[in-house]
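Heads up, input.pdb below (PDB, C-alpha atoms):
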ATOM      1  CA  MET A   1      19.131  42.819  15.151
ATOM      2  CA  ILE A   2      22.208  45.028  15.853
ATOM      3  CA  TRP A   3      24.228  42.016  17.030
ATOM      4  CA  THR A   4      23.194  40.126  13.890
ATOM      5  CA  PHE A   5      24.282  43.093  11.782
ATOM      6  CA  LEU A   6      27.684  43.222  13.506
ATOM      7  CA  ILE A   7      28.166  39.492  12.898
ATOM      8  CA  GLU A   8      27.201  39.914   9.232
ATOM      9  CA  TYR A   9      29.733  42.745   8.690
ATOM     10  CA  ARG A  10      32.354  41.686  11.238
ATOM     11  CA  ALA A  11      35.031  41.358   8.543
ATOM     12  CA  TRP A  12      34.655  45.073   7.686
ATOM     13  CA  TYR A  13      34.965  46.210  11.281
ATOM     14  CA  LEU A  14      37.911  43.925  11.991
ATOM     15  CA  THR A  15      39.615  45.324   8.898
ATOM     16  CA  TYR A  16      38.960  48.859  10.159
ATOM     17  CA  LEU A  17      40.476  48.030  13.553
ATOM     18  CA  VAL A  18      43.565  46.437  11.970
ATOM     19  CA  MET A  19      44.088  49.407   9.662
ATOM     20  CA  SER A  20      43.618  51.873  12.553
ATOM     21  CA  GLY A  21      46.209  49.961  14.565
ATOM     22  CA  THR A  22      48.612  50.051  11.591
ATOM     23  CA  TYR A  23      48.191  53.834  11.269
ATOM     24  CA  TRP A  24      48.810  54.296  14.999
ATOM     25  CA  LEU A  25      51.938  52.154  14.794
ATOM     26  CA  THR A  26      53.174  54.219  11.845
ATOM     27  CA  PHE A  27      52.618  57.493  13.734
ATOM     28  CA  TYR A  28      54.342  56.053  16.791
ATOM     29  CA  LEU A  29      57.411  54.730  14.990
ATOM     30  CA  TYR A  30      57.972  57.924  13.015
ATOM     31  CA  ARG A  31      57.168  60.045  16.067
ATOM     32  CA  LEU A  32      54.457  61.965  14.238
ATOM     33  CA  PRO A  33      52.087  64.209  16.204
ATOM     34  CA  MET A  34      49.388  62.007  17.741
ATOM     35  CA  SER A  35      46.911  64.896  17.496
ATOM     36  CA  TYR A  36      46.872  64.356  13.723
ATOM     37  CA  PHE A  37      46.190  60.685  14.238
ATOM     38  CA  GLY A  38      43.359  61.456  16.688
ATOM     39  CA  MET A  39      41.753  63.908  14.232
ATOM     40  CA  SER A  40      42.005  61.332  11.405
ATOM     41  CA  ILE A  41      40.445  58.631  13.546
ATOM     42  CA  LEU A  42      37.612  61.001  14.496
ATOM     43  CA  PHE A  43      36.810  61.748  10.844
ATOM     44  CA  ASN A  44      37.001  58.075   9.961
ATOM     45  CA  LEU A  45      34.758  57.056  12.857
ATOM     46  CA  THR A  46      32.181  59.695  11.866
ATOM     47  CA  PHE A  47      32.218  58.399   8.287
ATOM     48  CA  LEU A  48      32.080  54.771   9.521
ATOM     49  CA  ILE A  49      29.075  55.482  11.736
ATOM     50  CA  MET A  50      27.175  57.151   8.868
ATOM     51  CA  ILE A  51      27.949  54.279   6.504
ATOM     52  CA  SER A  52      27.040  51.739   9.198
ATOM     53  CA  MET A  53      23.671  53.404   9.764
ATOM     54  CA  ALA A  54      22.892  53.285   6.034
ATOM     55  CA  PHE A  55      24.004  49.648   5.823
ATOM     56  CA  PHE A  56      22.057  48.783   8.971
ATOM     57  CA  ILE A  57      18.812  50.242   7.566
ATOM     58  CA  LYS A  58      19.297  48.256   4.358
ATOM     59  CA  PHE A  59      20.264  45.128   6.308
ATOM     60  CA  ARG A  60      17.182  45.380   8.561
ATOM     61  CA  LYS A  61      14.910  45.797   5.547
ATOM     62  CA  LYS A  62      16.470  42.788   3.835
ATOM     63  CA  MET A  63      16.081  40.647   6.950
ATOM     64  CA  GLN A  64      12.425  41.614   7.278
ATOM     65  CA  ILE A  65      11.801  40.728   3.641
ATOM     66  CA  LEU A  66      13.528  37.358   4.008
ATOM     67  CA  HIS A  67      11.717  36.642   7.265
ATOM     68  CA  ASP A  68       8.226  37.541   6.067
ATOM     69  CA  PHE A  69       8.224  36.730   2.351
ATOM     70  CA  ILE A  70       5.733  34.184   1.026
ATOM     71  CA  TYR A  71       5.943  34.722  -2.715
ATOM     72  CA  LEU A  72       9.191  34.951  -4.647
ATOM     73  CA  ASP A  73       8.106  38.290  -6.190
ATOM     74  CA  GLU A  74       8.503  39.888  -2.765
ATOM     75  CA  LEU A  75      12.283  39.449  -3.086
ATOM     76  CA  ALA A  76      12.413  41.729  -6.130
ATOM     77  CA  GLU A  77      13.793  44.566  -3.980
ATOM     78  CA  LEU A  78      17.038  42.648  -3.451
ATOM     79  CA  HIS A  79      19.352  43.534  -6.343
ATOM     80  CA  SER A  80      22.932  42.645  -5.439
ATOM     81  CA  PRO A  81      24.598  39.831  -7.436
ATOM     82  CA  SER A  82      24.741  37.497  -4.438
ATOM     83  CA  GLU A  83      21.097  38.250  -3.581
ATOM     84  CA  LEU A  84      20.068  37.462  -7.150
ATOM     85  CA  VAL A  85      21.881  34.123  -6.895
ATOM     86  CA  TYR A  86      20.064  33.429  -3.626
ATOM     87  CA  GLN A  87      16.771  34.271  -5.335
ATOM     88  CA  GLN A  88      17.504  31.724  -8.037
ATOM     89  CA  LEU A  89      18.389  29.146  -5.402
ATOM     90  CA  ILE A  90      15.206  29.851  -3.444
ATOM     91  CA  SER A  91      13.185  29.656  -6.656
ATOM     92  CA  HIS A  92      14.730  26.285  -7.461
ATOM     93  CA  LEU A  93      14.063  24.973  -3.950
ATOM     94  CA  LYS A  94      10.461  26.191  -4.031
ATOM     95  CA  ASP A  95       9.937  24.518  -7.420
ATOM     96  CA  SER A  96      11.400  21.283  -6.044
ATOM     97  CA  ASP A  97       9.201  21.483  -2.947
ATOM     98  CA  ASN A  98       6.134  22.229  -5.064
ATOM     99  CA  GLN A  99       6.890  19.264  -7.311
ATOM    100  CA  LEU A 100       7.412  17.003  -4.302
ATOM    101  CA  LEU A 101       4.184  18.239  -2.727
ATOM    102  CA  SER A 102       2.361  17.707  -6.020
ATOM    103  CA  ASP A 103       3.708  14.150  -6.268
ATOM    104  CA  ILE A 104       2.656  13.392  -2.701
ATOM    105  CA  LYS A 105      -0.831  14.791  -3.311
ATOM    106  CA  GLU A 106      -1.130  12.754  -6.507
ATOM    107  CA  GLN A 107       0.006   9.615  -4.709
ATOM    108  CA  LEU A 108      -2.500  10.221  -1.899
ATOM    109  CA  LYS A 109      -5.249  10.831  -4.447
ATOM    110  CA  GLN A 110      -4.399   7.587  -6.240
ATOM    111  CA  GLN A 111      -4.474   5.689  -2.972
ATOM    112  CA  GLN A 112      -7.799   7.273  -2.025
ATOM    113  CA  ASP A 113      -9.239   6.398  -5.432
ATOM    114  CA  LEU A 114      -7.844   2.896  -5.082
ATOM    115  CA  ILE A 115      -9.412   2.382  -1.671
ATOM    116  CA  LYS A 116     -12.762   3.699  -2.957
ATOM    117  CA  MET A 117     -12.585   1.358  -5.934
ATOM    118  CA  TRP A 118     -11.526  -1.523  -3.716
ATOM    119  CA  SER A 119     -14.408  -0.854  -1.343
ATOM    120  CA  HIS A 120     -16.780  -1.075  -4.287
ATOM    121  CA  GLN A 121     -15.189  -4.331  -5.482
ATOM    122  CA  MET A 122     -15.416  -5.881  -2.027
ATOM    123  CA  LYS A 123     -19.156  -5.191  -1.967
ATOM    124  CA  VAL A 124     -19.654  -7.857  -4.659
ATOM    125  CA  PRO A 125     -18.693 -10.907  -2.536
ATOM    126  CA  LEU A 126     -20.191  -9.279   0.567
ATOM    127  CA  SER A 127     -23.495  -8.767  -1.269
ATOM    128  CA  ALA A 128     -23.448 -12.364  -2.460
ATOM    129  CA  LEU A 129     -22.877 -13.627   1.081
ATOM    130  CA  SER A 130     -25.571 -11.306   2.431
ATOM    131  CA  LEU A 131     -28.079 -12.530  -0.188
ATOM    132  CA  MET A 132     -27.368 -16.152   0.658
ATOM    133  CA  ALA A 133     -27.836 -15.410   4.343
ATOM    134  CA  GLN A 134     -31.133 -13.568   3.764
ATOM    135  CA  THR A 135     -32.548 -16.333   1.564
ATOM    136  CA  ASP A 136     -31.214 -19.170   3.763
ATOM    137  CA  GLN A 137     -29.482 -20.657   0.727
ATOM    138  CA  MET A 138     -25.984 -21.057   2.117
ATOM    139  CA  ASP A 139     -24.135 -23.180  -0.395
ATOM    140  CA  SER A 140     -20.863 -24.065   1.343
ATOM    141  CA  ARG A 141     -18.893 -24.164  -1.900
ATOM    142  CA  GLU A 142     -20.218 -20.787  -3.023
ATOM    143  CA  VAL A 143     -19.597 -19.278   0.425
ATOM    144  CA  ARG A 144     -15.994 -20.451   0.395
ATOM    145  CA  GLN A 145     -15.515 -19.061  -3.110
ATOM    146  CA  GLN A 146     -16.854 -15.642  -2.108
ATOM    147  CA  LEU A 147     -14.685 -15.643   1.016
ATOM    148  CA  LEU A 148     -11.656 -16.534  -1.129
ATOM    149  CA  ARG A 149     -12.444 -13.673  -3.484
ATOM    150  CA  LEU A 150     -12.860 -11.294  -0.550
ATOM    151  CA  GLY A 151      -9.566 -12.453   0.956
ATOM    152  CA  ASN A 152      -7.772 -11.977  -2.361
ATOM    153  CA  TYR A 153      -9.060  -8.420  -2.663
ATOM    154  CA  ILE A 154      -7.830  -7.569   0.836
ATOM    155  CA  ASP A 155      -4.460  -9.287   0.322
ATOM    156  CA  THR A 156      -3.853  -7.474  -2.952
ATOM    157  CA  LEU A 157      -4.769  -4.105  -1.466
ATOM    158  CA  LEU A 158      -2.506  -4.585   1.554
ATOM    159  CA  THR A 159       0.307  -5.864  -0.674
ATOM    160  CA  TYR A 160      -0.057  -2.845  -2.957
ATOM    161  CA  LEU A 161       0.180  -0.410  -0.045
ATOM    162  CA  LYS A 162       3.061  -2.284   1.571
ATOM    163  CA  PHE A 163       5.008  -2.567  -1.681
ATOM    164  CA  ASN A 164       4.675   1.163  -2.405
ATOM    165  CA  GLN A 165       5.895   2.065   1.079
ATOM    166  CA  ASN A 166       8.721  -0.440   1.374
ATOM    167  CA  LYS A 167      10.078  -1.876  -1.854
ATOM    168  CA  ASP A 168      13.110  -3.526  -0.264
ATOM    169  CA  ASP A 169      11.214  -6.001   1.912
ATOM    170  CA  PHE A 170      12.766  -9.035   0.221
ATOM    171  CA  ARG A 171      14.385 -12.141   1.654
ATOM    172  CA  PHE A 172      16.039 -14.345  -0.977
ATOM    173  CA  GLU A 173      16.343 -18.080  -0.395
ATOM    174  CA  GLU A 174      16.254 -21.316  -2.370
ATOM    175  CA  CYS A 175      12.608 -22.014  -3.249
ATOM    176  CA  SER A 176      10.674 -24.745  -5.021
ATOM    177  CA  VAL A 177       8.352 -23.076  -7.512
ATOM    178  CA  ARG A 178       6.398 -26.319  -7.818
ATOM    179  CA  GLU A 179       5.753 -26.234  -4.072
ATOM    180  CA  ILE A 180       4.506 -22.638  -4.340
ATOM    181  CA  VAL A 181       2.208 -23.585  -7.222
ATOM    182  CA  THR A 182       0.879 -26.638  -5.368
ATOM    183  CA  ASP A 183      -0.002 -24.545  -2.319
ATOM    184  CA  LEU A 184      -1.795 -21.998  -4.508
ATOM    185  CA  VAL A 185      -3.738 -24.697  -6.341
ATOM    186  CA  LYS A 186      -4.945 -25.991  -2.979
ATOM    187  CA  LYS A 187      -5.959 -22.449  -2.075
ATOM    188  CA  TYR A 188      -7.993 -22.070  -5.291
ATOM    189  CA  ARG A 189      -9.434 -25.605  -5.311
ATOM    190  CA  ILE A 190     -12.965 -24.368  -4.638
ATOM    191  CA  ALA A 191     -12.790 -22.006  -7.638
ATOM    192  CA  PHE A 192     -11.550 -24.931  -9.781
ATOM    193  CA  LEU A 193     -14.423 -27.099  -8.625
ATOM    194  CA  VAL A 194     -17.060 -24.409  -9.192
ATOM    195  CA  LYS A 195     -15.980 -23.951 -12.815
ATOM    196  CA  HIS A 196     -15.145 -27.654 -13.251
ATOM    197  CA  LEU A 197     -11.579 -26.888 -14.284
ATOM    198  CA  SER A 198      -8.930 -29.553 -14.655
ATOM    199  CA  ILE A 199      -5.324 -28.685 -13.877
ATOM    200  CA  ASP A 200      -2.068 -30.220 -15.029
ATOM    201  CA  ILE A 201       1.237 -29.410 -13.302
ATOM    202  CA  GLU A 202       4.515 -30.437 -14.944
ATOM    203  CA  GLY A 203       8.182 -29.979 -14.079
ATOM    204  CA  GLU A 204      10.059 -28.175 -11.336
ATOM    205  CA  TRP A 205      11.981 -24.912 -10.980
ATOM    206  CA  LEU A 206      14.395 -24.398  -8.113
ATOM    207  CA  LEU A 207      14.945 -20.669  -7.802
ATOM    208  CA  LYS A 208      16.705 -18.382  -5.343
ATOM    209  CA  THR A 209      14.103 -15.695  -4.727
ATOM    210  CA  ASP A 210      11.694 -14.277  -2.172
ATOM    211  CA  LYS A 211       9.077 -16.965  -1.661
ATOM    212  CA  LYS A 212       6.378 -14.654  -0.305
ATOM    213  CA  TRP A 213       6.540 -12.135  -3.149
ATOM    214  CA  LEU A 214       6.884 -14.773  -5.884
ATOM    215  CA  SER A 215       3.870 -16.554  -4.423
ATOM    216  CA  PHE A 216       1.924 -13.299  -4.601
ATOM    217  CA  ALA A 217       2.879 -12.767  -8.266
ATOM    218  CA  ILE A 218       1.935 -16.315  -9.276
ATOM    219  CA  SER A 219      -1.323 -16.078  -7.310
ATOM    220  CA  GLN A 220      -2.369 -13.033  -9.323
ATOM    221  CA  ILE A 221      -1.722 -14.873 -12.574
ATOM    222  CA  LEU A 222      -3.504 -17.981 -11.326
ATOM    223  CA  ASP A 223      -6.463 -15.919 -10.117
ATOM    224  CA  ASN A 224      -6.848 -14.346 -13.569
ATOM    225  CA  ALA A 225      -6.491 -17.739 -15.220
ATOM    226  CA  VAL A 226      -9.333 -19.159 -13.109
ATOM    227  CA  LYS A 227     -11.474 -16.039 -13.439
ATOM    228  CA  TYR A 228     -11.317 -15.868 -17.239
ATOM    229  CA  SER A 229     -11.188 -19.605 -18.042
ATOM    230  CA  ASN A 230     -14.137 -21.171 -19.784
ATOM    231  CA  PRO A 231     -16.116 -23.621 -17.614
ATOM    232  CA  GLN A 232     -15.062 -27.272 -17.920
ATOM    233  CA  SER A 233     -11.773 -26.270 -19.573
ATOM    234  CA  SER A 234      -8.216 -27.058 -18.491
ATOM    235  CA  LEU A 235      -5.335 -25.168 -16.936
ATOM    236  CA  ASN A 236      -1.755 -26.178 -17.689
ATOM    237  CA  ILE A 237       1.203 -25.158 -15.511
ATOM    238  CA  ARG A 238       4.561 -26.141 -16.948
ATOM    239  CA  MET A 239       7.930 -25.501 -15.290
ATOM    240  CA  THR A 240      11.509 -25.812 -16.530
ATOM    241  CA  ASP A 241      14.783 -25.056 -14.803
ATOM    242  CA  SER A 242      14.434 -21.385 -15.759
ATOM    243  CA  SER A 243      10.741 -20.573 -16.235
ATOM    244  CA  ILE A 244       7.118 -21.251 -15.438
ATOM    245  CA  VAL A 245       4.246 -21.040 -17.943
ATOM    246  CA  ILE A 246       0.595 -20.833 -16.882
ATOM    247  CA  ALA A 247      -1.778 -21.417 -19.800
ATOM    248  CA  ASP A 248      -5.568 -21.333 -19.733
ATOM    249  CA  LYS A 249      -8.285 -21.941 -22.289
ATOM    250  CA  GLY A 250     -10.376 -18.896 -21.653
ATOM    251  CA  ILE A 251     -11.768 -15.781 -23.246
ATOM    252  CA  GLY A 252      -8.312 -14.377 -24.038
ATOM    253  CA  ILE A 253      -7.135 -10.778 -24.307
ATOM    254  CA  LEU A 254      -7.679  -8.386 -27.190
ATOM    255  CA  GLU A 255      -4.508  -7.806 -29.216
ATOM    256  CA  GLU A 256      -4.760  -4.036 -28.776
ATOM    257  CA  ASP A 257      -4.981  -4.466 -24.979
ATOM    258  CA  LEU A 258      -1.816  -6.590 -24.630
ATOM    259  CA  PRO A 259       0.694  -3.666 -24.600
ATOM    260  CA  ARG A 260      -1.176  -2.012 -21.714
ATOM    261  CA  ILE A 261      -2.105  -4.899 -19.425
ATOM    262  CA  PHE A 262       0.696  -4.042 -16.962
ATOM    263  CA  GLU A 263      -0.381  -0.411 -16.553
ATOM    264  CA  GLU A 264      -1.790   0.597 -13.177
ATOM    265  CA  GLY A 265      -5.593   0.575 -13.182
ATOM    266  CA  PHE A 266      -5.923  -0.737 -16.763
ATOM    267  CA  THR A 267      -8.641  -3.384 -17.089
ATOM    268  CA  GLY A 268      -9.111  -3.644 -20.845
ATOM    269  CA  TYR A 269     -12.182  -4.894 -22.666
ATOM    270  CA  ASN A 270     -12.454  -8.156 -20.743
ATOM    271  CA  GLY A 271     -12.112  -6.333 -17.432
ATOM    272  CA  HIS A 272     -14.993  -4.035 -18.340
ATOM    273  CA  GLU A 273     -17.104  -7.001 -19.379
ATOM    274  CA  ASP A 274     -16.365  -8.946 -16.223
ATOM    275  CA  LYS A 275     -17.158  -5.956 -13.937
ATOM    276  CA  LYS A 276     -14.856  -7.435 -11.258
ATOM    277  CA  ALA A 277     -11.459  -6.335 -12.493
ATOM    278  CA  THR A 278      -9.532  -3.674 -10.585
ATOM    279  CA  GLY A 279      -6.564  -3.281 -12.914
ATOM    280  CA  LEU A 280      -3.984  -3.785 -10.157
ATOM    281  CA  GLY A 281      -3.273  -7.502 -10.248
ATOM    282  CA  LEU A 282      -0.995  -7.601 -13.296
ATOM    283  CA  TYR A 283       0.447  -4.179 -12.475
ATOM    284  CA  MET A 284       1.550  -5.392  -9.049
ATOM    285  CA  THR A 285       2.772  -8.670 -10.557
ATOM    286  CA  LYS A 286       5.026  -6.796 -12.983
ATOM    287  CA  GLN A 287       6.368  -4.512 -10.227
ATOM    288  CA  VAL A 288       7.154  -7.439  -7.918
ATOM    289  CA  LEU A 289       8.790  -9.536 -10.636
ATOM    290  CA  ASP A 290      10.987  -6.603 -11.666
ATOM    291  CA  GLN A 291      12.274  -6.403  -8.086
ATOM    292  CA  LEU A 292      12.935 -10.157  -8.122
ATOM    293  CA  ASN A 293      14.943  -9.843 -11.365
ATOM    294  CA  LEU A 294      12.297 -11.844 -13.200
ATOM    295  CA  THR A 295      10.339 -10.934 -16.288
ATOM    296  CA  ILE A 296       6.818 -11.708 -17.421
ATOM    297  CA  GLN A 297       5.550 -12.332 -20.942
ATOM    298  CA  VAL A 298       1.929 -12.727 -22.068
ATOM    299  CA  GLN A 299       0.602 -14.330 -25.233
ATOM    300  CA  SER A 300      -3.110 -14.473 -25.897
ATOM    301  CA  ARG A 301      -5.747 -15.081 -28.550
ATOM    302  CA  VAL A 302      -9.350 -14.024 -28.093
ATOM    303  CA  GLY A 303     -11.545 -17.071 -27.623
ATOM    304  CA  GLN A 304      -8.590 -19.465 -27.379
ATOM    305  CA  GLY A 305      -6.876 -18.583 -24.119
ATOM    306  CA  THR A 306      -3.881 -16.890 -22.533
ATOM    307  CA  SER A 307      -0.348 -18.055 -21.760
ATOM    308  CA  VAL A 308       1.683 -16.224 -19.103
ATOM    309  CA  SER A 309       5.410 -16.914 -18.717
ATOM    310  CA  ILE A 310       7.733 -15.968 -15.867
ATOM    311  CA  LEU A 311      11.461 -16.349 -16.500
ATOM    312  CA  GLN A 312      14.786 -15.033 -15.340
ATOM    313  CA  LYS A 313      15.884 -11.853 -17.076
ATOM    314  CA  SER A 314      19.450 -13.035 -17.542
ATOM    315  CA  LEU A 315      18.214 -15.996 -19.556
ATOM    316  CA  ARG A 316      16.067 -14.072 -21.993
TER
END
Turn this file's structure into structure tokens for me.
Amino acid sequence: MIWTFLIEYRAWYLTYLVMSGTYWLTFYLYRLPMSYFGMSILFNLTFLIMISMAFFIKFRKKMQILHDFIYLDELAELHSPSELVYQQLISHLKDSDNQLLSDIKEQLKQQQDLIKMWSHQMKVPLSALSLMAQTDQMDSREVRQQLLRLGNYIDTLLTYLKFNQNKDDFRFEECSVREIVTDLVKKYRIAFLVKHLSIDIEGEWLLKTDKKWLSFAISQILDNAVKYSNPQSSLNIRMTDSSIVIADKGIGILEEDLPRIFEEGFTGYNGHEDKKATGLGLYMTKQVLDQLNLTIQVQSRVGQGTSVSILQKSLR
């Protein structure tokens, strides 16, 4: 503690030594009696020791407060201008840390709630598969549909977690959007067959983007289109050199729900009715497309269907 004190006030003691040396030099040059100089130094040293003891006691108390304090109120005994500035700085840092901690806790809570909700959603296809196994009524088409739904839930959850942790995992290259759509249609062919949906694909869009993430975004739109389409209806996918439009003839979206469909966790009226919506599909789609410098637009009429467009922002 004493060594720390000497380091803290070293400028004062160095100044004292320099001034003492100057006085000695003055006495020496003018040939003044050195006894006077010795007496002066003795008085000054006595005064310096007394002041140093008072400063040391105050310094030790301050160090103990700074070392042991938990709450900012415990620093109220520090009154010097510089100490007040340090208190303000500490207060600002503590507020920043508290806000950061609060944000982390909120993010962890959201992820925990998400995983709980996702676990509940995954029970639906698992229960369906379990029921078919118990009743020995294993319809291959229905089994494949439930497995597809289960796989989509897992993929979306993992994509959500990965995207939140690493938003710069993008690799841009020239892609054929038609090829992406064709692969996804093959993936969802069982769902098309179960609902007896016809599909029409037109045009092509060559785009420099991240194929994996664009495929994820389109898959979410296509999954919703299949999920909410009326049985024996049609699905139209039309591409130009700057956009893709996926239109279904399904139950549609309420007009008052349209402004909120990209909010995290929002399911809307149709989502509540369907009991299978998680409210993350369109949210993740919007987040991914923003990172790809693409935009998404939705038009819908209840009972008539929904049209979802993806286009380049620069061409809006």
Point (7.3, -22.1, -9.6), cut-off 10 Å, counting all atoms listed in the file, residues as a PyMOL selection string: chain A and resi 175-182+203-207+211+214-215+218+237-246+310-311
Output of the PyMOL selection byres ((chain A and resi 146) around 8), listed as a list in words: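 After applying the PyMOL selection byres ((chain A and resi 146) around 8), what remains is Pro125, Leu126, Ala128, Leu129, Glu142, Val143, Arg144, Gln145, Leu147, Leu148, Arg149 and Leu150 of chain A.
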Given the file shown, determine the residues that the PyMOL selection byres ((chain A and resi 216) around 10) selects; report them as a short mmCIF file (atom, residue, chain, number, x, y, z; two decimals) with C-alpha atoms, keeping the file's coordinate frame.
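Printed below is expr_17.cif as written:
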data_model
loop_
_atom_site.label_atom_id
_atom_site.label_comp_id
_atom_site.auth_asym_id
_atom_site.auth_seq_id
_atom_site.Cartn_x
_atom_site.Cartn_y
_atom_site.Cartn_z
CA ASP A 155 -4.46 -9.29 0.32
CA THR A 156 -3.85 -7.47 -2.95
CA THR A 159 0.31 -5.86 -0.67
CA ILE A 180 4.51 -22.64 -4.34
CA LEU A 184 -1.80 -22.00 -4.51
CA LYS A 211 9.08 -16.96 -1.66
CA LYS A 212 6.38 -14.65 -0.30
CA TRP A 213 6.54 -12.14 -3.15
CA LEU A 214 6.88 -14.77 -5.88
CA SER A 215 3.87 -16.55 -4.42
CA ALA A 217 2.88 -12.77 -8.27
CA ILE A 218 1.94 -16.32 -9.28
CA SER A 219 -1.32 -16.08 -7.31
CA GLN A 220 -2.37 -13.03 -9.32
CA ILE A 221 -1.72 -14.87 -12.57
CA LEU A 222 -3.50 -17.98 -11.33
CA GLY A 281 -3.27 -7.50 -10.25
CA MET A 284 1.55 -5.39 -9.05
CA THR A 285 2.77 -8.67 -10.56
CA VAL A 288 7.15 -7.44 -7.92
CA LEU A 289 8.79 -9.54 -10.64
#
d(CA of Ile57 in chain A, CA of Met1 in chain A) in Å: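 Spanning CA of Ile57 in chain A to CA of Met1 in chain A is a straight-line distance of 10.6 Å.
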Length of the CA of Leu157 in chain A to CA of Phe262 in chain A vector [Å]: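 Result for CA of Leu157 in chain A versus CA of Phe262 in chain A: 16.4 Å, one decimal.
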Hey, could you pull the box centre and edge lengths for range 89-97 of chain A, axis-aligned, 5 Å padding per side, all listed atoms, to one decimal in Å, as AutoDock Vina command-line options?
--center_x 13.8 --center_y 25.6 --center_z -5.2 --size_x 19.2 --size_y 18.6 --size_z 14.5
